[in-house]
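J.: Got a file for you: query_5.cif, mmCIF, C-alpha atoms and all ligand atoms.
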data_work
#
loop_
_atom_site.label_atom_id
_atom_site.label_comp_id
_atom_site.auth_asym_id
_atom_site.auth_seq_id
_atom_site.Cartn_x
_atom_site.Cartn_y
_atom_site.Cartn_z
CA MET A 36 -22.20 -17.85 10.03
CA ASP A 37 -23.21 -14.48 11.42
CA ASN A 38 -20.84 -11.84 10.05
CA SER A 39 -21.30 -9.61 13.07
CA ALA A 40 -19.92 -12.45 15.20
CA THR A 41 -16.41 -11.25 14.42
CA ASP A 42 -14.92 -7.80 14.61
CA HIS A 43 -12.31 -8.87 12.10
CA ALA A 44 -12.87 -8.23 8.40
CA ILE A 45 -10.00 -10.56 7.50
CA VAL A 46 -8.11 -13.28 9.34
CA ALA A 47 -5.43 -14.95 7.21
CA THR A 48 -3.76 -18.06 8.61
CA GLY A 49 -0.80 -19.68 6.89
CA LEU A 50 -2.10 -18.34 3.58
CA THR A 51 0.12 -19.65 0.77
CA LYS A 52 0.18 -19.60 -3.03
CA ALA A 53 2.67 -21.50 -5.14
CA PHE A 54 2.91 -21.27 -8.93
CA GLY A 55 4.70 -24.51 -9.79
CA ASN A 56 7.84 -24.57 -7.67
CA PHE A 57 7.73 -20.83 -7.05
CA VAL A 58 6.10 -19.75 -3.79
CA ALA A 59 4.67 -16.27 -4.38
CA VAL A 60 2.94 -15.99 -0.98
CA ASP A 61 4.48 -18.05 1.80
CA HIS A 62 2.44 -18.88 4.93
CA ILE A 63 1.32 -15.38 5.78
CA ASP A 64 -0.68 -14.56 8.92
CA PHE A 65 -2.44 -11.28 9.56
CA GLU A 66 -5.70 -9.77 10.79
CA VAL A 67 -7.65 -6.74 9.65
CA ARG A 68 -10.24 -5.24 11.98
CA ARG A 69 -13.49 -3.85 10.65
CA GLY A 70 -13.54 -0.16 9.80
CA GLN A 71 -9.77 0.06 9.52
CA ILE A 72 -7.53 1.32 6.76
CA PHE A 73 -5.07 -1.54 6.40
CA GLY A 74 -1.94 -0.84 4.36
CA PHE A 75 -0.23 -3.75 2.60
CA LEU A 76 3.27 -2.70 1.59
CA GLY A 77 6.01 -4.33 -0.34
CA PRO A 78 8.30 -3.97 -3.34
CA ASN A 79 7.42 -5.12 -6.86
CA GLY A 80 6.72 -8.82 -7.10
CA SER A 81 6.49 -9.34 -3.32
CA GLY A 82 3.05 -11.00 -3.49
CA LYS A 83 0.55 -8.20 -2.86
CA THR A 84 -1.76 -8.76 -5.82
CA THR A 85 -1.59 -12.54 -5.39
CA THR A 86 -2.72 -12.12 -1.77
CA ILE A 87 -5.60 -9.84 -2.79
CA ARG A 88 -6.74 -12.33 -5.42
CA MET A 89 -6.87 -15.06 -2.77
CA LEU A 90 -8.80 -12.78 -0.38
CA LEU A 91 -11.32 -12.06 -3.16
CA GLY A 92 -11.79 -15.76 -3.81
CA LEU A 93 -10.41 -15.44 -7.36
CA LEU A 94 -7.37 -17.63 -6.68
CA HIS A 95 -7.40 -20.82 -4.64
CA PRO A 96 -4.71 -20.95 -1.92
CA SER A 97 -2.15 -23.77 -2.12
CA SER A 98 -2.47 -24.07 1.65
CA GLY A 99 -3.71 -22.11 4.62
CA MET A 100 -6.94 -20.15 4.73
CA ALA A 101 -8.52 -16.73 4.93
CA MET A 102 -11.69 -15.86 6.79
CA VAL A 103 -13.16 -12.85 5.02
CA LEU A 104 -16.11 -11.16 6.79
CA GLY A 105 -16.35 -14.27 8.94
CA ILE A 106 -16.52 -16.78 6.07
CA ASP A 107 -13.87 -19.08 4.59
CA ILE A 108 -13.47 -17.30 1.26
CA ALA A 109 -12.03 -20.30 -0.62
CA ARG A 110 -14.97 -22.51 0.37
CA HIS A 111 -17.84 -20.07 0.00
CA PRO A 112 -16.74 -17.22 -2.24
CA GLU A 113 -20.30 -16.65 -3.46
CA ARG A 114 -21.47 -15.81 0.08
CA VAL A 115 -18.81 -13.15 0.60
CA ARG A 116 -18.39 -11.57 -2.85
CA PRO A 117 -21.53 -9.39 -2.77
CA GLN A 118 -19.95 -7.60 0.20
CA LEU A 119 -16.56 -7.05 -1.45
CA GLY A 120 -15.35 -4.24 -3.68
CA TYR A 121 -12.21 -4.33 -5.82
CA MET A 122 -10.23 -1.67 -7.62
CA SER A 123 -7.66 -3.63 -9.57
CA GLN A 124 -4.07 -2.55 -10.14
CA ARG A 125 -4.57 -1.22 -13.67
CA PHE A 126 -7.91 0.14 -12.72
CA SER A 127 -10.72 -0.80 -14.89
CA LEU A 128 -13.07 1.67 -16.52
CA TYR A 129 -14.80 1.60 -19.85
CA ASN A 130 -12.99 4.37 -21.69
CA ASP A 131 -15.67 4.96 -24.29
CA LEU A 132 -18.45 5.16 -21.74
CA THR A 133 -19.24 8.40 -19.93
CA VAL A 134 -18.84 8.88 -16.19
CA ILE A 135 -22.50 8.15 -15.53
CA GLU A 136 -22.53 5.18 -17.92
CA ASN A 137 -19.58 3.64 -16.10
CA LEU A 138 -21.30 4.05 -12.73
CA ARG A 139 -24.57 2.66 -14.10
CA PHE A 140 -22.80 -0.29 -15.72
CA PHE A 141 -20.98 -1.33 -12.54
CA GLY A 142 -24.06 -0.64 -10.40
CA ARG A 143 -26.17 -2.95 -12.59
CA ALA A 144 -23.41 -5.57 -12.55
CA TYR A 145 -23.76 -5.54 -8.76
CA GLY A 146 -27.52 -6.03 -9.12
CA LEU A 147 -28.64 -2.48 -8.35
CA HIS A 148 -31.58 -0.91 -10.17
CA GLY A 149 -34.32 1.68 -9.79
CA PRO A 150 -34.16 4.26 -6.98
CA LEU A 151 -31.29 2.50 -5.18
CA LEU A 152 -29.15 2.58 -8.32
CA ARG A 153 -29.88 6.30 -8.75
CA GLU A 154 -29.09 6.93 -5.10
CA ARG A 155 -25.74 5.14 -5.35
CA ILE A 156 -24.84 6.96 -8.58
CA ASP A 157 -25.53 10.27 -6.81
CA PHE A 158 -23.41 9.14 -3.87
CA ALA A 159 -20.50 8.20 -6.16
CA LEU A 160 -20.72 11.50 -8.09
CA GLN A 161 -20.67 13.50 -4.86
CA MET A 162 -17.94 11.42 -3.24
CA ALA A 163 -15.66 11.53 -6.27
CA ASP A 164 -16.38 15.21 -6.89
CA LEU A 165 -17.57 14.34 -10.40
CA ALA A 166 -20.83 16.27 -10.42
CA GLY A 167 -20.91 18.35 -13.62
CA ARG A 168 -18.76 15.79 -15.47
CA GLU A 169 -21.42 13.11 -15.81
CA ARG A 170 -21.38 13.19 -19.63
CA GLN A 171 -17.60 13.18 -20.10
CA ARG A 172 -16.10 9.99 -21.44
CA ALA A 173 -13.81 8.18 -19.01
CA LYS A 174 -10.89 8.50 -21.43
CA GLN A 175 -11.17 12.31 -21.32
CA LEU A 176 -10.68 12.44 -17.55
CA ALA A 177 -7.31 13.32 -16.02
CA GLY A 178 -5.60 10.85 -13.64
CA GLY A 179 -7.10 12.00 -10.35
CA TRP A 180 -10.67 12.03 -11.73
CA ARG A 181 -10.27 8.62 -13.35
CA GLN A 182 -8.96 7.24 -10.12
CA ARG A 183 -11.90 8.59 -8.10
CA LEU A 184 -14.34 7.33 -10.71
CA ALA A 185 -12.72 3.88 -10.48
CA LEU A 186 -13.13 3.99 -6.70
CA GLY A 187 -16.76 5.04 -7.21
CA THR A 188 -17.42 2.04 -9.47
CA ALA A 189 -15.72 -0.31 -6.97
CA ILE A 190 -18.04 0.72 -4.14
CA MET A 191 -21.34 1.18 -6.01
CA HIS A 192 -22.87 -1.67 -3.98
CA ASN A 193 -21.65 -0.18 -0.66
CA PRO A 194 -19.40 -3.16 0.19
CA ALA A 195 -18.31 -3.89 3.76
CA LEU A 196 -14.73 -4.39 2.56
CA VAL A 197 -12.94 -2.87 -0.40
CA PHE A 198 -9.55 -3.88 -1.87
CA LEU A 199 -7.57 -1.13 -3.59
CA ASP A 200 -4.49 -2.39 -5.41
CA GLU A 201 -2.04 0.51 -5.83
CA PRO A 202 -4.83 3.00 -6.44
CA THR A 203 -2.53 6.04 -6.30
CA ALA A 204 0.27 4.80 -8.59
CA GLY A 205 1.15 7.52 -11.10
CA VAL A 206 -1.34 10.05 -9.72
CA ASP A 207 -0.24 13.59 -8.84
CA PRO A 208 0.34 14.48 -5.15
CA LEU A 209 -2.70 16.73 -4.79
CA SER A 210 -5.03 14.06 -6.18
CA ARG A 211 -3.37 11.47 -3.95
CA ARG A 212 -4.13 13.60 -0.91
CA LYS A 213 -7.73 14.07 -2.00
CA PHE A 214 -8.01 10.32 -2.57
CA TRP A 215 -6.80 9.61 0.96
CA GLU A 216 -9.38 12.00 2.38
CA LEU A 217 -12.00 9.90 0.61
CA LEU A 218 -10.60 6.74 2.17
CA TYR A 219 -10.82 8.30 5.65
CA ARG A 220 -14.44 9.19 5.03
CA LEU A 221 -15.29 5.69 3.84
CA ALA A 222 -13.54 4.10 6.82
CA GLY A 223 -15.24 6.61 9.12
CA ALA A 224 -18.57 5.39 7.74
CA GLY A 225 -17.60 1.80 8.66
CA MET A 226 -16.12 0.44 5.44
CA THR A 227 -12.94 -1.61 5.81
CA VAL A 228 -10.24 -0.51 3.37
CA PHE A 229 -7.41 -2.83 2.33
CA VAL A 230 -4.93 -0.81 0.29
CA THR A 231 -1.55 -1.53 -1.30
CA THR A 232 0.89 1.24 -2.02
CA HIS A 233 4.53 1.94 -2.81
CA TYR A 234 4.33 5.39 -1.23
CA MET A 235 5.73 5.36 2.28
CA ASP A 236 4.11 8.69 3.17
CA GLU A 237 0.75 7.04 2.52
CA ALA A 238 1.68 4.11 4.72
CA GLU A 239 1.95 6.48 7.66
CA HIS A 240 -1.76 7.29 7.20
CA CYS A 241 -2.95 3.70 7.69
CA ASN A 242 -4.30 2.36 11.00
CA GLN A 243 -2.40 -0.90 10.58
CA LEU A 244 0.33 -2.06 8.24
CA ALA A 245 1.80 -5.30 7.02
CA PHE A 246 5.11 -5.36 5.16
CA ILE A 247 5.53 -8.21 2.68
CA HIS A 248 8.85 -9.16 1.12
CA ASN A 249 9.46 -12.19 -1.14
CA GLY A 250 6.09 -13.60 -0.08
CA HIS A 251 6.87 -13.33 3.66
CA ILE A 252 5.34 -10.86 6.08
CA ILE A 253 8.26 -9.22 7.83
CA ALA A 254 6.33 -6.82 10.09
CA THR A 255 2.79 -5.94 11.13
CA GLY A 256 1.41 -3.27 13.43
CA THR A 257 0.57 0.41 13.61
CA PRO A 258 3.01 2.70 11.79
CA THR A 259 4.36 3.89 15.17
CA ALA A 260 4.69 0.39 16.61
CA ILE A 261 6.48 -0.86 13.49
CA LYS A 262 8.96 1.98 13.73
CA GLU A 263 9.60 1.33 17.42
CA LYS A 264 9.80 -2.44 17.08
CA MET A 265 11.91 -2.64 13.95
CA MET A 266 14.02 0.45 14.10
CA HIS A 267 16.58 0.05 16.83
CA GLY A 268 19.19 2.13 15.11
CA GLN A 269 19.65 5.82 14.61
CA VAL A 270 19.32 7.86 11.44
CA LEU A 271 21.49 10.78 10.40
CA GLU A 272 20.31 13.02 7.60
CA VAL A 273 23.14 14.66 5.67
CA ALA A 274 22.67 17.53 3.20
CA PRO A 275 26.03 17.49 1.38
CA SER A 276 27.21 19.61 -1.55
CA ASP A 277 27.39 16.55 -3.82
CA PRO A 278 24.96 13.88 -2.56
CA GLY A 279 25.88 11.27 -5.18
CA ARG A 280 29.58 11.46 -4.37
CA ALA A 281 28.83 11.59 -0.64
CA VAL A 282 27.02 8.24 -0.90
CA THR A 283 29.99 6.69 -2.72
CA ILE A 284 32.47 8.01 -0.15
CA LEU A 285 30.36 6.85 2.79
CA ARG A 286 29.78 3.39 1.30
CA THR A 287 33.51 2.98 0.67
CA ALA A 288 34.21 3.94 4.29
CA GLN A 289 31.52 1.48 5.38
CA SER A 290 33.05 -1.39 3.37
CA GLN A 291 36.48 -0.59 4.85
CA GLY A 292 35.10 -0.58 8.39
CA ARG A 293 35.80 3.11 8.93
CA LEU A 294 32.09 3.86 9.26
CA VAL A 295 29.80 1.48 11.15
CA ALA A 296 26.41 1.71 9.40
CA ASP A 297 23.71 -0.72 8.26
CA GLU A 298 22.59 1.31 5.30
CA ILE A 299 23.42 4.44 3.36
CA ALA A 300 20.60 5.64 1.10
CA LEU A 301 19.97 8.61 -1.15
CA TYR A 302 16.68 10.53 -0.74
CA GLY A 303 16.62 13.16 -3.43
CA LEU A 304 19.38 15.57 -2.38
CA LEU A 305 19.66 14.12 1.13
CA VAL A 306 21.64 11.14 2.37
CA HIS A 307 20.32 8.93 5.17
CA ILE A 308 22.82 6.93 7.20
CA ILE A 309 21.16 4.20 9.27
CA GLY A 310 23.10 2.40 11.98
CA PRO A 311 23.21 1.28 15.60
CA ASP A 312 25.13 4.19 17.11
CA LEU A 313 25.53 7.16 14.80
CA TYR A 314 24.69 10.26 16.81
CA GLY A 315 28.22 10.36 18.25
CA GLN A 316 29.78 9.97 14.81
CA ARG A 317 28.69 13.24 13.29
CA GLU A 318 32.12 14.87 13.46
CA PRO A 319 34.08 11.87 12.05
CA ILE A 320 31.53 11.65 9.19
CA ALA A 321 31.97 15.37 8.43
CA VAL A 322 35.75 14.86 8.37
CA LEU A 323 35.42 11.82 6.09
CA LEU A 324 33.44 13.83 3.54
CA ARG A 325 35.58 16.95 3.81
CA ASP A 326 38.80 14.91 3.29
CA SER A 327 37.35 13.69 -0.01
CA GLY A 328 36.39 17.17 -1.15
CA VAL A 329 32.66 17.11 -0.34
CA ASP A 330 31.15 19.78 1.88
CA PRO A 331 29.09 17.79 4.42
CA GLY A 332 26.56 20.64 4.90
CA THR A 333 24.29 19.83 7.82
CA ILE A 334 24.25 16.46 9.61
CA THR A 335 21.06 16.07 11.63
CA PRO A 336 19.73 13.20 13.78
CA ILE A 337 16.18 12.43 12.59
CA SER A 338 13.46 9.99 13.57
CA PRO A 339 13.29 7.16 11.06
CA SER A 340 10.60 7.18 8.38
CA LEU A 341 8.84 3.95 7.48
CA GLU A 342 10.98 3.83 4.39
CA ASP A 343 14.15 3.85 6.52
CA VAL A 344 12.68 1.03 8.57
CA PHE A 345 11.80 -0.93 5.48
CA ILE A 346 15.18 -0.46 3.80
CA ALA A 347 17.04 -1.39 6.99
CA ASN A 348 15.06 -4.62 7.33
CA VAL A 349 14.93 -6.10 3.86
CA ARG A 350 18.63 -6.27 3.12
N1 LIG W 1 -0.13 -16.61 -12.47
C1 LIG W 1 1.15 -16.57 -12.12
N2 LIG W 1 2.03 -17.54 -12.50
C2 LIG W 1 3.32 -17.52 -12.14
N3 LIG W 1 3.87 -16.57 -11.36
C3 LIG W 1 3.07 -15.59 -10.94
C4 LIG W 1 1.68 -15.52 -11.30
N4 LIG W 1 1.14 -14.42 -10.72
C5 LIG W 1 2.14 -13.82 -10.06
N5 LIG W 1 3.30 -14.50 -10.19
C6 LIG W 1 4.58 -14.17 -9.58
O1 LIG W 1 4.40 -14.08 -8.18
C7 LIG W 1 5.16 -13.01 -7.63
C8 LIG W 1 4.24 -12.06 -6.88
O2 LIG W 1 3.44 -11.38 -7.83
P1 LIG W 1 2.38 -10.28 -7.39
O3 LIG W 1 1.73 -9.80 -8.64
O4 LIG W 1 1.51 -10.82 -6.34
O5 LIG W 1 3.33 -9.15 -6.79
P2 LIG W 1 2.98 -7.66 -6.36
O6 LIG W 1 3.48 -7.49 -4.97
O7 LIG W 1 1.54 -7.38 -6.60
O8 LIG W 1 3.90 -6.81 -7.33
P3 LIG W 1 3.66 -5.35 -8.01
O9 LIG W 1 4.02 -4.34 -6.97
O10 LIG W 1 4.63 -5.35 -9.14
O11 LIG W 1 2.24 -5.28 -8.43
C9 LIG W 1 5.90 -12.37 -8.79
O12 LIG W 1 7.20 -12.90 -8.84
C10 LIG W 1 5.07 -12.80 -10.00
O13 LIG W 1 5.90 -12.86 -11.15
MG MG W 2 0.56 -6.07 -7.78
#
Can you dump the structure from the file as structure tokens?

T.:
Amino acid sequence: MDNSATDHAIVATGLTKAFGNFVAVDHIDFEVRRGQIFGFLGPNGSGKTTTIRMLLGLLHPSSGMAMVLGIDIARHPERVRPQLGYMSQRFSLYNDLTVIENLRFFGRAYGLHGPLLRERIDFALQMADLAGRERQRAKQLAGGWRQRLALGTAIMHNPALVFLDEPTAGVDPLSRRKFWELLYRLAGAGMTVFVTTHYMDEAEHCNQLAFIHNGHIIATGTPTAIKEKMMHGQVLEVAPSDPGRAVTILRTAQSQGRLVADEIALYGLLVHIIGPDLYGQREPIAVLLRDSGVDPGTITPISPSLEDVFIANVR
């Protein structure tokens, strides 16, 4: 089949994986267009890695199918694999090899040699900002550098589609930002990027998102569309004197029916109250807190973040 015949990099239909009686991925449907950054979000154990392994042709689906770059990946994995890149969850580098040796090793594994191999090594060094560190061993590199080197090794063969499984976990904020700039550049050059993350701020940077929970997809769309479609309620952000106690007080009021809210969640020193009709309840909420000895501070209506949306929809 001609790959250019479809503008979709991935079309998953009823894709399912059971381990014994346990269904880890349960009839999921989604599409990823070429050249997009597609964010796949979900809590621990929700089925993200299992889905990626099926899309790579490493795990056979129990039912359903996935067309990857226009080809049924379970039936013809060998036809698709040369065009796929993969940065696994605990990303894989050879610690005792140097930067350049790692790139050369992965390049050769993808069948590159001669001038093309050298060209791709130069590209990876430039992209990952690793020029000057060619002779350092991978184990000597700090988190952000290791992460960019791992990305470099995953795309040595210039794949049409790359899977990044929690590439930014445990990496400092500045390196995360730099990493996302790299992803934009790759997508801008036509590569499709499928990325999983726990960081909601990163989710907002994707072109399309799918939320997975207990093996089910509970929402798909652009970050804006997901917020509009799923978030019908209002969010109040409270900055009280004692946030921990404020949460306890508000939850007690909620359980007693004195406060109508779907969710009360702590965000650092701020409390988010999510509910159908909260903007008119600012004064009663302030009174509630004050009566229990907590200074409510400011109570501000805010637009919901993706994390608010997610929390409000998984409970
Ligand atoms: N080979 C396996 N045999 C049995 N159960 C498995 C197997 N692989 C995964 N699971 C289970 O399937 C579920 C989904 O796992 P998966 O690794 O896909 O989740 P995840 O979303 O990637 O989680 P995390 O964010 O922790 O990486 C989990 O409950 C996991 O324990
Ligand atoms: Mg995983």

J.: Leaving out range 142-156 of chain A and any residue of its chain fewer than 3 positions from it, which residues lie within 12 Å of it when counting only C-alpha atoms, given as an MDAnalysis selection string?

T.: chainID A and resid 116:121 134:139 159:166 169 184 187:194

J.: Only C-alpha atoms, please: the residues just picked out, written as a PDB file, in the coordinates of the input.

T.:
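Saved as selection_36.pdb:
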ATOM      1  CA  ARG A 116     -18.390 -11.570  -2.850  1.00  0.00           C
ATOM      2  CA  PRO A 117     -21.530  -9.390  -2.770  1.00  0.00           C
ATOM      3  CA  GLN A 118     -19.950  -7.600   0.200  1.00  0.00           C
ATOM      4  CA  LEU A 119     -16.560  -7.050  -1.450  1.00  0.00           C
ATOM      5  CA  GLY A 120     -15.350  -4.240  -3.680  1.00  0.00           C
ATOM      6  CA  TYR A 121     -12.210  -4.330  -5.820  1.00  0.00           C
ATOM      7  CA  VAL A 134     -18.840   8.880 -16.190  1.00  0.00           C
ATOM      8  CA  ILE A 135     -22.500   8.150 -15.530  1.00  0.00           C
ATOM      9  CA  GLU A 136     -22.530   5.180 -17.920  1.00  0.00           C
ATOM     10  CA  ASN A 137     -19.580   3.640 -16.100  1.00  0.00           C
ATOM     11  CA  LEU A 138     -21.300   4.050 -12.730  1.00  0.00           C
ATOM     12  CA  ARG A 139     -24.570   2.660 -14.100  1.00  0.00           C
ATOM     13  CA  ALA A 159     -20.500   8.200  -6.160  1.00  0.00           C
ATOM     14  CA  LEU A 160     -20.720  11.500  -8.090  1.00  0.00           C
ATOM     15  CA  GLN A 161     -20.670  13.500  -4.860  1.00  0.00           C
ATOM     16  CA  MET A 162     -17.940  11.420  -3.240  1.00  0.00           C
ATOM     17  CA  ALA A 163     -15.660  11.530  -6.270  1.00  0.00           C
ATOM     18  CA  ASP A 164     -16.380  15.210  -6.890  1.00  0.00           C
ATOM     19  CA  LEU A 165     -17.570  14.340 -10.400  1.00  0.00           C
ATOM     20  CA  ALA A 166     -20.830  16.270 -10.420  1.00  0.00           C
ATOM     21  CA  GLU A 169     -21.420  13.110 -15.810  1.00  0.00           C
ATOM     22  CA  LEU A 184     -14.340   7.330 -10.710  1.00  0.00           C
ATOM     23  CA  GLY A 187     -16.760   5.040  -7.210  1.00  0.00           C
ATOM     24  CA  THR A 188     -17.420   2.040  -9.470  1.00  0.00           C
ATOM     25  CA  ALA A 189     -15.720  -0.310  -6.970  1.00  0.00           C
ATOM     26  CA  ILE A 190     -18.040   0.720  -4.140  1.00  0.00           C
ATOM     27  CA  MET A 191     -21.340   1.180  -6.010  1.00  0.00           C
ATOM     28  CA  HIS A 192     -22.870  -1.670  -3.980  1.00  0.00           C
ATOM     29  CA  ASN A 193     -21.650  -0.180  -0.660  1.00  0.00           C
ATOM     30  CA  PRO A 194     -19.400  -3.160   0.190  1.00  0.00           C
TER      31      PRO A 194
END

J.: Here is a test: counting all atoms listed in the file, which residue of A:Val58, A:Leu305, A:Val230, A:Leu128 is nearest to ligand MG 2 (chain W)?

T.: A:Val230

J.: Tell me, in Å to one decimal, how far CA of Val270 in chain A is from CA of Ile308 in chain A.

T.: 5.6 Å

J.: Could you list, as a VMD selection string, all residues that come within 6 Å of ligand LIG 1 (chain W)? Count all atoms listed in the file.

T.: chain A and resid 54 59 78 to 85

J.: Suppose you want the space between CA of Gly77 in chain A and CA of Glu201 in chain A; what is it in Å?

T.: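 CA of Gly77 in chain A sits 10.9 Å away from CA of Glu201 in chain A.
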
J.: Compare A:Pro112, A:Gln71, A:Ile106, A:Leu132 by their minimum atom-to-atom distance to Arg170 in chain A, counting all atoms listed in the file, and give me the closest one.

T.: A:Leu132

J.: Ranking A:Met122, A:Leu196, A:Leu104, A:Leu301 by minimum distance to ligand MG 2 (chain W) and counting only C-alpha atoms and all ligand atoms, which one comes first?

T.: A:Met122

J.: Pick from A:Gly49, A:Gly74, A:Gly303, A:Pro331: nearest to Asp236 in chain A, with all atoms listed in the file counted?

T.: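 Using all atoms listed in the file, the shortest distance to Asp236 in chain A belongs to A:Gly74.
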
J.: Between CA of Glu298 in chain A and CA of Ala347 in chain A, what distance in Å does the model show, to one decimal?

T.: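 Calculated distance between CA of Glu298 in chain A and CA of Ala347 in chain A is 6.4 Å.
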
J.: Which residues are close to Met265 in chain A, i.e. within 10 Å by all atoms listed in the file, leaving aside same-chain residues fewer than 4 positions away? Reply as number ranges by chain.

T.: A: 253-254, 260-261, 341, 344-345, 347-348

J.: Could you write out the selected residues, including C-alpha atoms, as a short mmCIF file (atom, residue, chain, number, x, y, z; two decimals), in the coordinates of the input?

T.:
data_model
loop_
_atom_site.label_atom_id
_atom_site.label_comp_id
_atom_site.auth_asym_id
_atom_site.auth_seq_id
_atom_site.Cartn_x
_atom_site.Cartn_y
_atom_site.Cartn_z
CA ILE A 253 8.26 -9.22 7.83
CA ALA A 254 6.33 -6.82 10.09
CA ALA A 260 4.69 0.39 16.61
CA ILE A 261 6.48 -0.86 13.49
CA LEU A 341 8.84 3.95 7.48
CA VAL A 344 12.68 1.03 8.57
CA PHE A 345 11.80 -0.93 5.48
CA ALA A 347 17.04 -1.39 6.99
CA ASN A 348 15.06 -4.62 7.33
#

J.: Considering all atoms listed in the file, can you say which of A:Arg125, A:Asn56, A:Gly256, A:Leu221 comes closest to Asn242 in chain A?

T.: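 Of all the options, A:Gly256 lies closest to Asn242 in chain A.
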